[in-house]
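Below is structure-v4.pdb, holding PDB, C-alpha atoms.
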```
ATOM      1  CA  MET H   1     -30.971 -50.281 -71.380
ATOM      2  CA  THR H   2     -31.407 -46.548 -71.893
ATOM      3  CA  GLY H   3     -30.893 -44.225 -68.959
ATOM      4  CA  ILE H   4     -32.809 -41.041 -68.261
ATOM      5  CA  ILE H   5     -30.741 -37.913 -67.811
ATOM      6  CA  ILE H   6     -32.235 -35.404 -65.399
ATOM      7  CA  PRO H   7     -30.546 -31.998 -65.065
ATOM      8  CA  ILE H   8     -29.146 -31.865 -61.536
ATOM      9  CA  GLU H   9     -30.053 -28.180 -61.120
ATOM     10  CA  PHE H  10     -33.738 -29.153 -61.190
ATOM     11  CA  ILE H  11     -33.491 -31.546 -58.257
ATOM     12  CA  PRO H  12     -32.925 -30.117 -54.787
ATOM     13  CA  LEU H  13     -30.849 -32.524 -52.733
ATOM     14  CA  THR H  14     -32.769 -33.625 -49.657
ATOM     15  CA  MET H  15     -31.361 -35.657 -46.797
ATOM     16  CA  ARG H  16     -32.350 -36.670 -43.315
ATOM     17  CA  SER H  17     -29.441 -36.345 -40.942
ATOM     18  CA  GLN H  18     -29.396 -37.668 -37.402
ATOM     19  CA  GLU H  19     -26.197 -35.670 -36.811
ATOM     20  CA  ILE H  20     -27.863 -32.267 -37.235
ATOM     21  CA  THR H  21     -30.174 -32.101 -34.247
ATOM     22  CA  THR H  22     -29.802 -28.573 -32.866
ATOM     23  CA  ASP H  23     -30.336 -25.104 -34.306
ATOM     24  CA  ASP H  24     -26.655 -24.319 -33.678
ATOM     25  CA  GLN H  25     -25.558 -27.378 -35.671
ATOM     26  CA  PHE H  26     -27.805 -26.384 -38.559
ATOM     27  CA  PHE H  27     -26.492 -22.816 -38.448
ATOM     28  CA  ALA H  28     -22.904 -24.154 -38.531
ATOM     29  CA  LEU H  29     -23.769 -26.338 -41.553
ATOM     30  CA  CYS H  30     -25.115 -23.287 -43.399
ATOM     31  CA  GLN H  31     -22.065 -21.188 -42.487
ATOM     32  CA  ALA H  32     -19.750 -23.916 -43.802
ATOM     33  CA  ASN H  33     -21.648 -24.032 -47.122
ATOM     34  CA  ARG H  34     -22.279 -20.379 -47.908
ATOM     35  CA  ASP H  35     -22.547 -21.017 -51.655
ATOM     36  CA  LEU H  36     -25.692 -23.080 -51.111
ATOM     37  CA  ARG H  37     -29.149 -22.162 -49.906
ATOM     38  CA  ILE H  38     -30.014 -24.671 -47.213
ATOM     39  CA  GLU H  39     -33.363 -25.117 -45.516
ATOM     40  CA  ARG H  40     -34.692 -27.672 -43.061
ATOM     41  CA  THR H  41     -38.279 -28.847 -42.927
ATOM     42  CA  ALA H  42     -40.277 -29.269 -39.739
ATOM     43  CA  GLN H  43     -39.797 -33.033 -40.211
ATOM     44  CA  GLY H  44     -35.988 -32.677 -40.119
ATOM     45  CA  GLU H  45     -35.207 -33.038 -43.833
ATOM     46  CA  VAL H  46     -32.285 -30.872 -44.924
ATOM     47  CA  ILE H  47     -32.753 -29.383 -48.402
ATOM     48  CA  PHE H  48     -29.743 -28.139 -50.387
ATOM     49  CA  MET H  49     -30.431 -25.699 -53.230
ATOM     50  CA  SER H  50     -27.978 -24.167 -55.641
ATOM     51  CA  PRO H  51     -27.743 -20.392 -56.010
ATOM     52  CA  THR H  52     -30.238 -18.945 -58.480
ATOM     53  CA  GLY H  53     -29.403 -18.207 -62.081
ATOM     54  CA  ALA H  54     -28.343 -14.698 -63.022
ATOM     55  CA  GLU H  55     -31.726 -13.641 -64.408
ATOM     56  CA  THR H  56     -33.653 -14.756 -61.322
ATOM     57  CA  GLY H  57     -30.994 -13.187 -59.106
ATOM     58  CA  ASN H  58     -31.438  -9.883 -60.915
ATOM     59  CA  ARG H  59     -35.217  -9.969 -60.517
ATOM     60  CA  ASN H  60     -34.852 -10.889 -56.872
ATOM     61  CA  SER H  61     -32.553  -7.912 -56.322
ATOM     62  CA  LYS H  62     -35.235  -5.643 -57.865
ATOM     63  CA  LEU H  63     -37.783  -7.127 -55.464
ATOM     64  CA  THR H  64     -35.535  -6.691 -52.423
ATOM     65  CA  GLN H  65     -34.580  -3.174 -53.518
ATOM     66  CA  GLN H  66     -38.205  -2.054 -53.675
ATOM     67  CA  LEU H  67     -38.976  -3.583 -50.275
ATOM     68  CA  ALA H  68     -35.838  -2.065 -48.722
ATOM     69  CA  ASN H  69     -36.630   1.406 -50.112
ATOM     70  CA  TRP H  70     -40.153   1.288 -48.685
ATOM     71  CA  THR H  71     -38.891  -0.103 -45.360
ATOM     72  CA  ASP H  72     -36.396   2.749 -44.973
ATOM     73  CA  THR H  73     -39.108   5.330 -45.630
ATOM     74  CA  ASP H  74     -41.846   3.666 -43.567
ATOM     75  CA  GLY H  75     -39.813   2.863 -40.447
ATOM     76  CA  THR H  76     -42.295   0.420 -38.869
ATOM     77  CA  GLY H  77     -40.273  -2.722 -39.575
ATOM     78  CA  ILE H  78     -37.163  -4.173 -41.139
ATOM     79  CA  GLY H  79     -36.640  -6.066 -44.372
ATOM     80  CA  PHE H  80     -34.518  -9.081 -45.251
ATOM     81  CA  ASP H  81     -33.073 -10.584 -48.415
ATOM     82  CA  SER H  82     -32.957 -14.186 -49.617
ATOM     83  CA  SER H  83     -29.831 -15.080 -47.662
ATOM     84  CA  THR H  84     -31.613 -14.694 -44.311
ATOM     85  CA  GLY H  85     -32.721 -17.764 -42.383
ATOM     86  CA  PHE H  86     -35.602 -17.893 -39.911
ATOM     87  CA  ILE H  87     -36.646 -20.600 -37.464
ATOM     88  CA  LEU H  88     -40.415 -20.937 -37.688
ATOM     89  CA  PRO H  89     -42.537 -21.948 -34.673
ATOM     90  CA  ASN H  90     -42.986 -25.449 -36.175
ATOM     91  CA  GLY H  91     -39.187 -25.905 -36.171
ATOM     92  CA  ALA H  92     -38.629 -25.455 -39.923
ATOM     93  CA  LYS H  93     -35.652 -23.345 -40.980
ATOM     94  CA  ARG H  94     -36.659 -21.266 -44.012
ATOM     95  CA  SER H  95     -35.133 -18.550 -46.195
ATOM     96  CA  PRO H  96     -37.782 -16.634 -48.155
ATOM     97  CA  ASP H  97     -36.637 -14.565 -51.134
ATOM     98  CA  ALA H  98     -37.736 -11.408 -49.306
ATOM     99  CA  ALA H  99     -39.236 -10.841 -45.872
ATOM    100  CA  TRP H 100     -40.337  -8.105 -43.512
ATOM    101  CA  ILE H 101     -40.896  -8.085 -39.737
ATOM    102  CA  LYS H 102     -42.629  -5.460 -37.616
ATOM    103  CA  LEU H 103     -40.081  -3.527 -35.590
ATOM    104  CA  SER H 104     -41.998  -4.157 -32.354
ATOM    105  CA  ARG H 105     -41.688  -7.947 -32.840
ATOM    106  CA  TRP H 106     -38.046  -7.788 -33.958
ATOM    107  CA  GLN H 107     -37.053  -5.792 -30.870
ATOM    108  CA  LEU H 108     -38.298  -8.602 -28.607
ATOM    109  CA  LEU H 109     -35.455 -10.830 -29.830
ATOM    110  CA  SER H 110     -32.086 -10.891 -28.085
ATOM    111  CA  LEU H 111     -28.868  -9.854 -29.820
ATOM    112  CA  GLU H 112     -27.797 -13.511 -29.840
ATOM    113  CA  GLN H 113     -31.044 -14.563 -31.548
ATOM    114  CA  LYS H 114     -30.635 -11.841 -34.181
ATOM    115  CA  ALA H 115     -27.039 -12.912 -34.891
ATOM    116  CA  LYS H 116     -28.087 -16.396 -36.041
ATOM    117  CA  PHE H 117     -31.280 -17.668 -37.636
ATOM    118  CA  ALA H 118     -33.881 -15.647 -35.779
ATOM    119  CA  PRO H 119     -36.586 -17.737 -34.077
ATOM    120  CA  ILE H 120     -39.472 -15.831 -35.617
ATOM    121  CA  CYS H 121     -41.780 -16.090 -38.602
ATOM    122  CA  PRO H 122     -41.745 -12.919 -40.713
ATOM    123  CA  ASP H 123     -44.977 -10.940 -40.950
ATOM    124  CA  PHE H 124     -44.586 -10.724 -44.723
ATOM    125  CA  VAL H 125     -42.820 -13.162 -47.051
ATOM    126  CA  VAL H 126     -42.206 -13.344 -50.787
ATOM    127  CA  GLU H 127     -41.078 -16.312 -52.845
ATOM    128  CA  LEU H 128     -39.977 -15.703 -56.432
ATOM    129  CA  ARG H 129     -40.270 -18.832 -58.547
ATOM    130  CA  SER H 130     -37.270 -19.666 -60.719
ATOM    131  CA  VAL H 131     -37.311 -22.181 -63.579
ATOM    132  CA  SER H 132     -35.866 -24.879 -61.316
ATOM    133  CA  ASP H 133     -38.561 -24.475 -58.624
ATOM    134  CA  ARG H 134     -41.562 -26.788 -58.471
ATOM    135  CA  LEU H 135     -44.680 -24.679 -58.009
ATOM    136  CA  SER H 136     -46.207 -27.222 -55.610
ATOM    137  CA  ASP H 137     -43.141 -27.034 -53.326
ATOM    138  CA  LEU H 138     -43.374 -23.252 -53.133
ATOM    139  CA  GLN H 139     -47.127 -23.377 -52.540
ATOM    140  CA  GLU H 140     -46.589 -25.732 -49.597
ATOM    141  CA  LYS H 141     -43.950 -23.385 -48.237
ATOM    142  CA  MET H 142     -46.308 -20.397 -48.498
ATOM    143  CA  VAL H 143     -49.014 -22.264 -46.560
ATOM    144  CA  GLU H 144     -46.398 -23.104 -43.931
ATOM    145  CA  TYR H 145     -45.486 -19.421 -43.510
ATOM    146  CA  ILE H 146     -49.135 -18.472 -43.006
ATOM    147  CA  GLU H 147     -49.720 -21.338 -40.566
ATOM    148  CA  ASN H 148     -46.686 -20.161 -38.568
ATOM    149  CA  GLY H 149     -47.713 -16.528 -38.216
ATOM    150  CA  ALA H 150     -47.157 -14.616 -41.456
ATOM    151  CA  THR H 151     -50.011 -12.205 -42.168
ATOM    152  CA  LEU H 152     -49.276 -11.818 -45.880
ATOM    153  CA  GLY H 153     -47.397 -13.872 -48.436
ATOM    154  CA  TRP H 154     -46.801 -13.471 -52.162
ATOM    155  CA  LEU H 155     -45.704 -16.265 -54.456
ATOM    156  CA  ILE H 156     -44.566 -14.635 -57.692
ATOM    157  CA  ASP H 157     -44.458 -17.025 -60.639
ATOM    158  CA  ARG H 158     -42.470 -15.399 -63.431
ATOM    159  CA  THR H 159     -43.051 -18.338 -65.792
ATOM    160  CA  THR H 160     -46.823 -17.732 -65.905
ATOM    161  CA  LYS H 161     -46.821 -14.096 -64.736
ATOM    162  CA  LYS H 162     -49.147 -14.895 -61.873
ATOM    163  CA  VAL H 163     -49.047 -13.799 -58.254
ATOM    164  CA  TYR H 164     -50.578 -16.002 -55.573
ATOM    165  CA  VAL H 165     -51.643 -14.040 -52.497
ATOM    166  CA  TYR H 166     -51.755 -15.845 -49.138
ATOM    167  CA  ARG H 167     -53.462 -14.459 -46.014
ATOM    168  CA  PRO H 168     -54.673 -16.174 -42.840
ATOM    169  CA  GLN H 169     -58.300 -17.346 -42.896
ATOM    170  CA  LEU H 170     -58.846 -16.078 -46.448
ATOM    171  CA  ASP H 171     -59.049 -17.978 -49.712
ATOM    172  CA  LEU H 172     -55.993 -18.063 -51.907
ATOM    173  CA  GLU H 173     -56.083 -15.233 -54.454
ATOM    174  CA  CYS H 174     -54.449 -15.558 -57.877
ATOM    175  CA  LEU H 175     -53.663 -12.422 -59.874
ATOM    176  CA  ASP H 176     -53.009 -12.850 -63.585
ATOM    177  CA  HIS H 177     -50.198 -10.649 -64.963
ATOM    178  CA  PRO H 178     -50.652  -7.669 -62.619
ATOM    179  CA  LYS H 179     -48.492  -4.616 -63.255
ATOM    180  CA  SER H 180     -48.184  -4.015 -59.522
ATOM    181  CA  ILE H 181     -49.433  -5.390 -56.222
ATOM    182  CA  ASP H 182     -50.276  -3.510 -53.035
ATOM    183  CA  ALA H 183     -49.414  -4.908 -49.596
ATOM    184  CA  SER H 184     -51.772  -2.593 -47.705
ATOM    185  CA  PRO H 185     -53.037  -2.725 -45.026
ATOM    186  CA  HIS H 186     -50.356  -5.145 -43.771
ATOM    187  CA  LEU H 187     -47.482  -3.034 -45.111
ATOM    188  CA  GLN H 188     -49.291   0.261 -45.562
ATOM    189  CA  GLY H 189     -48.183   1.991 -48.737
ATOM    190  CA  PHE H 190     -45.896  -0.747 -50.084
ATOM    191  CA  ASN H 191     -46.706  -1.249 -53.747
ATOM    192  CA  LEU H 192     -44.453  -3.630 -55.658
ATOM    193  CA  ASN H 193     -43.830  -2.687 -59.296
ATOM    194  CA  LEU H 194     -43.973  -6.044 -61.051
ATOM    195  CA  GLU H 195     -42.898  -4.676 -64.428
ATOM    196  CA  LYS H 196     -39.358  -4.740 -63.016
ATOM    197  CA  ILE H 197     -39.843  -8.353 -61.897
ATOM    198  CA  TRP H 198     -41.429  -9.907 -65.006
TER     199      TRP H 198
END
```
If you took the structure in this file and wrote it as C-alpha cells, what would it be?
Amino acid sequence: MTGIIIPIEFIPLTMRSQEITTDDQFFALCQANRDLRIERTAQGEVIFMSPTGAETGNRNSKLTQQLANWTDTDGTGIGFDSSTGFILPNGAKRSPDAAWIKLSRWQLLSLEQKAKFAPICPDFVVELRSVSDRLSDLQEKMVEYIENGATLGWLIDRTTKKVYVYRPQLDLECLDHPKSIDASPHLQGFNLNLEKIW
C-alpha cells in the first residue's frame, strides 16, 4: 500500500480543547508558544500555524511599514502587526497580518484589555496570502471580520496578484494586479504601494 505524503507546513493543526475555556487561558497558551501563530474560531477550534516563510515575512513587513508610516502621520488611529491578537464580538480570537483601529474606539478599552488580546474588532484588516494558506480559509476569515465590525478589509493574494476588497453591505470587489490600492474614505489618504508587496 502506497502512502500519500503531505507537507506538514501546508496543514494548519486544528484541535478542539475543553481545557481552554476562558480568554485568559487562551492568552496563556499563546504566550507559552510564541513561535506559533495561534487563533481560535468562534466555535472553539484552536488553530496552530507556523511562522511565515522569509519571503512572505518580508512582504508583510513592507505592508506593516506603510501602514505604520501613514498612521504616525495621520494620528486618527493606531496600527498593529501580525503578532497582535483580537477577540472579536463573536468570540473568535484572530490575528490579521495588519490592522488599524480608530483612536476614539481604542481609548474606550481599559489598560488591562489593551495588555492582552483586546476585545475589539479592528476597523481595517489586511490578510496577506502565503503559499501555505488556503484562499477559501482566508476568504471566510475576511467575511468574519466584516460581520464583526470591520469597515474595510483587504485580502492580498500574491500568488495571483489579486486584491479582494471587503466592505459591509457591498459586493466583494476583486482587483487584478493593481499597482496600489487606496483605503479612503475609511483611512483617508492611506494608499498602499503594492509594487513593494508583489
- Query: Neighbours of Ile197 (chain H) within 8 Å (all atoms listed in the file; same-chain residues fewer than 4 positions away dropped), as a PyMOL selection string?
  - Reply: chain H and resi 59-60+62-63+158+193
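Residues of protein, DNA or RNA having at least one counted atom within 9 Å of (-38.1, -12.8, -69.6), given all atoms listed in the file, are Glu55, Arg158, Thr159 and Trp198 of chain H.
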- Surrounding residues of Val125 (chain H) excluding itself and chain neighbours under 5 positions, 7 Å, all atoms listed in the file, as a PyMOL selection string: chain H and resi 96+98-100+152-154
- Message: When you count all atoms listed in the file, which of these residues is closest to Phe117 (chain H): H:Ala183, H:Leu88, H:Ile156, H:Ala32?
- Response: H:Leu88
- Task: Would you mind reading off the distance between CA of Asp123 (chain H) and CA of Gly79 (chain H), one decimal, in Å?
- Result: 10.2 Å
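CA of Gln188 (chain H) to CA of Lys116 (chain H) spans 28.6 Å [interatomic distance, one decimal].
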- Message: When the PyMOL selection byres ((chain H and resi 87) around 12) is applied to the structure above, which residues does it catch, written out as a PyMOL selection string?
- Response: chain H and resi 22-24+26-27+39-42+84-86+88-96+113-114+116-122+144-145+148-149
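Close contacts of Asp182 (chain H), defined as residues with an atom at most 6 Å away when counting all atoms listed in the file, with chain neighbours fewer than 2 positions off set aside, comprise Ser184, Phe190 and Asn191 of chain H.
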- Report as a ChimeraX atom specification the full result of the PyMOL selection byres ((chain H and resi 37) around 6) when it is applied to this structure. /H:36,38,49
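CA of Arg167 (chain H) sits 12.3 Å away from CA of Val126 (chain H).
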Using the structure block above, produce a file of region 64-118 of chain H that contains C-alpha atoms, as a PDB file, in the first residue's frame.
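What follows is the written file decode_7.pdb:
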```pdb
ATOM      1  CA  THR H  64       3.055  46.964   8.077  1.00  0.00           C
ATOM      2  CA  GLN H  65       5.705  49.626   7.471  1.00  0.00           C
ATOM      3  CA  GLN H  66       3.494  51.517   5.032  1.00  0.00           C
ATOM      4  CA  LEU H  67       0.502  51.336   7.380  1.00  0.00           C
ATOM      5  CA  ALA H  68       2.607  52.415  10.375  1.00  0.00           C
ATOM      6  CA  ASN H  69       4.087  55.384   8.475  1.00  0.00           C
ATOM      7  CA  TRP H  70       0.626  56.592   7.460  1.00  0.00           C
ATOM      8  CA  THR H  71      -0.743  56.004  10.975  1.00  0.00           C
ATOM      9  CA  ASP H  72       2.015  58.118  12.536  1.00  0.00           C
ATOM     10  CA  THR H  73       1.316  60.972  10.125  1.00  0.00           C
ATOM     11  CA  ASP H  74      -2.487  60.754  10.233  1.00  0.00           C
ATOM     12  CA  GLY H  75      -2.942  60.452  14.003  1.00  0.00           C
ATOM     13  CA  THR H  76      -6.590  59.308  13.958  1.00  0.00           C
ATOM     14  CA  GLY H  77      -5.892  55.698  14.929  1.00  0.00           C
ATOM     15  CA  ILE H  78      -3.270  53.110  15.729  1.00  0.00           C
ATOM     16  CA  GLY H  79      -1.864  50.258  13.681  1.00  0.00           C
ATOM     17  CA  PHE H  80      -0.949  46.687  14.564  1.00  0.00           C
ATOM     18  CA  ASP H  81       1.262  43.983  13.095  1.00  0.00           C
ATOM     19  CA  SER H  82       0.618  40.279  12.555  1.00  0.00           C
ATOM     20  CA  SER H  83       1.574  39.265  16.084  1.00  0.00           C
ATOM     21  CA  THR H  84      -1.417  41.083  17.598  1.00  0.00           C
ATOM     22  CA  GLY H  85      -4.460  39.124  18.726  1.00  0.00           C
ATOM     23  CA  PHE H  86      -8.004  40.478  18.925  1.00  0.00           C
ATOM     24  CA  ILE H  87     -11.138  38.993  20.466  1.00  0.00           C
ATOM     25  CA  LEU H  88     -13.980  39.562  18.022  1.00  0.00           C
ATOM     26  CA  PRO H  89     -17.582  40.079  19.194  1.00  0.00           C
ATOM     27  CA  ASN H  90     -18.452  36.519  18.065  1.00  0.00           C
ATOM     28  CA  GLY H  91     -15.772  35.147  20.427  1.00  0.00           C
ATOM     29  CA  ALA H  92     -13.165  34.283  17.773  1.00  0.00           C
ATOM     30  CA  LYS H  93      -9.552  35.155  18.561  1.00  0.00           C
ATOM     31  CA  ARG H  94      -7.885  36.399  15.368  1.00  0.00           C
ATOM     32  CA  SER H  95      -4.525  37.851  14.327  1.00  0.00           C
ATOM     33  CA  PRO H  96      -4.731  39.683  10.990  1.00  0.00           C
ATOM     34  CA  ASP H  97      -1.479  40.394   9.152  1.00  0.00           C
ATOM     35  CA  ALA H  98      -2.079  44.126   9.627  1.00  0.00           C
ATOM     36  CA  ALA H  99      -4.835  46.065  11.361  1.00  0.00           C
ATOM     37  CA  TRP H 100      -5.884  49.572  12.292  1.00  0.00           C
ATOM     38  CA  ILE H 101      -8.325  50.875  14.921  1.00  0.00           C
ATOM     39  CA  LYS H 102      -9.763  54.367  15.288  1.00  0.00           C
ATOM     40  CA  LEU H 103      -8.198  56.118  18.256  1.00  0.00           C
ATOM     41  CA  SER H 104     -11.618  57.002  19.693  1.00  0.00           C
ATOM     42  CA  ARG H 105     -12.574  53.293  19.852  1.00  0.00           C
ATOM     43  CA  TRP H 106      -9.174  52.185  21.179  1.00  0.00           C
ATOM     44  CA  GLN H 107      -9.324  54.708  24.029  1.00  0.00           C
ATOM     45  CA  LEU H 108     -12.551  53.123  25.312  1.00  0.00           C
ATOM     46  CA  LEU H 109     -10.609  49.991  26.291  1.00  0.00           C
ATOM     47  CA  SER H 110      -9.037  49.618  29.725  1.00  0.00           C
ATOM     48  CA  LEU H 111      -5.290  49.238  30.226  1.00  0.00           C
ATOM     49  CA  GLU H 112      -5.872  45.601  31.203  1.00  0.00           C
ATOM     50  CA  GLN H 113      -7.797  44.931  27.977  1.00  0.00           C
ATOM     51  CA  LYS H 114      -5.035  46.532  25.900  1.00  0.00           C
ATOM     52  CA  ALA H 115      -2.360  44.430  27.635  1.00  0.00           C
ATOM     53  CA  LYS H 116      -3.862  41.141  26.416  1.00  0.00           C
ATOM     54  CA  PHE H 117      -5.891  40.290  23.331  1.00  0.00           C
ATOM     55  CA  ALA H 118      -8.071  43.364  23.017  1.00  0.00           C
TER      56      ALA H 118
END
```
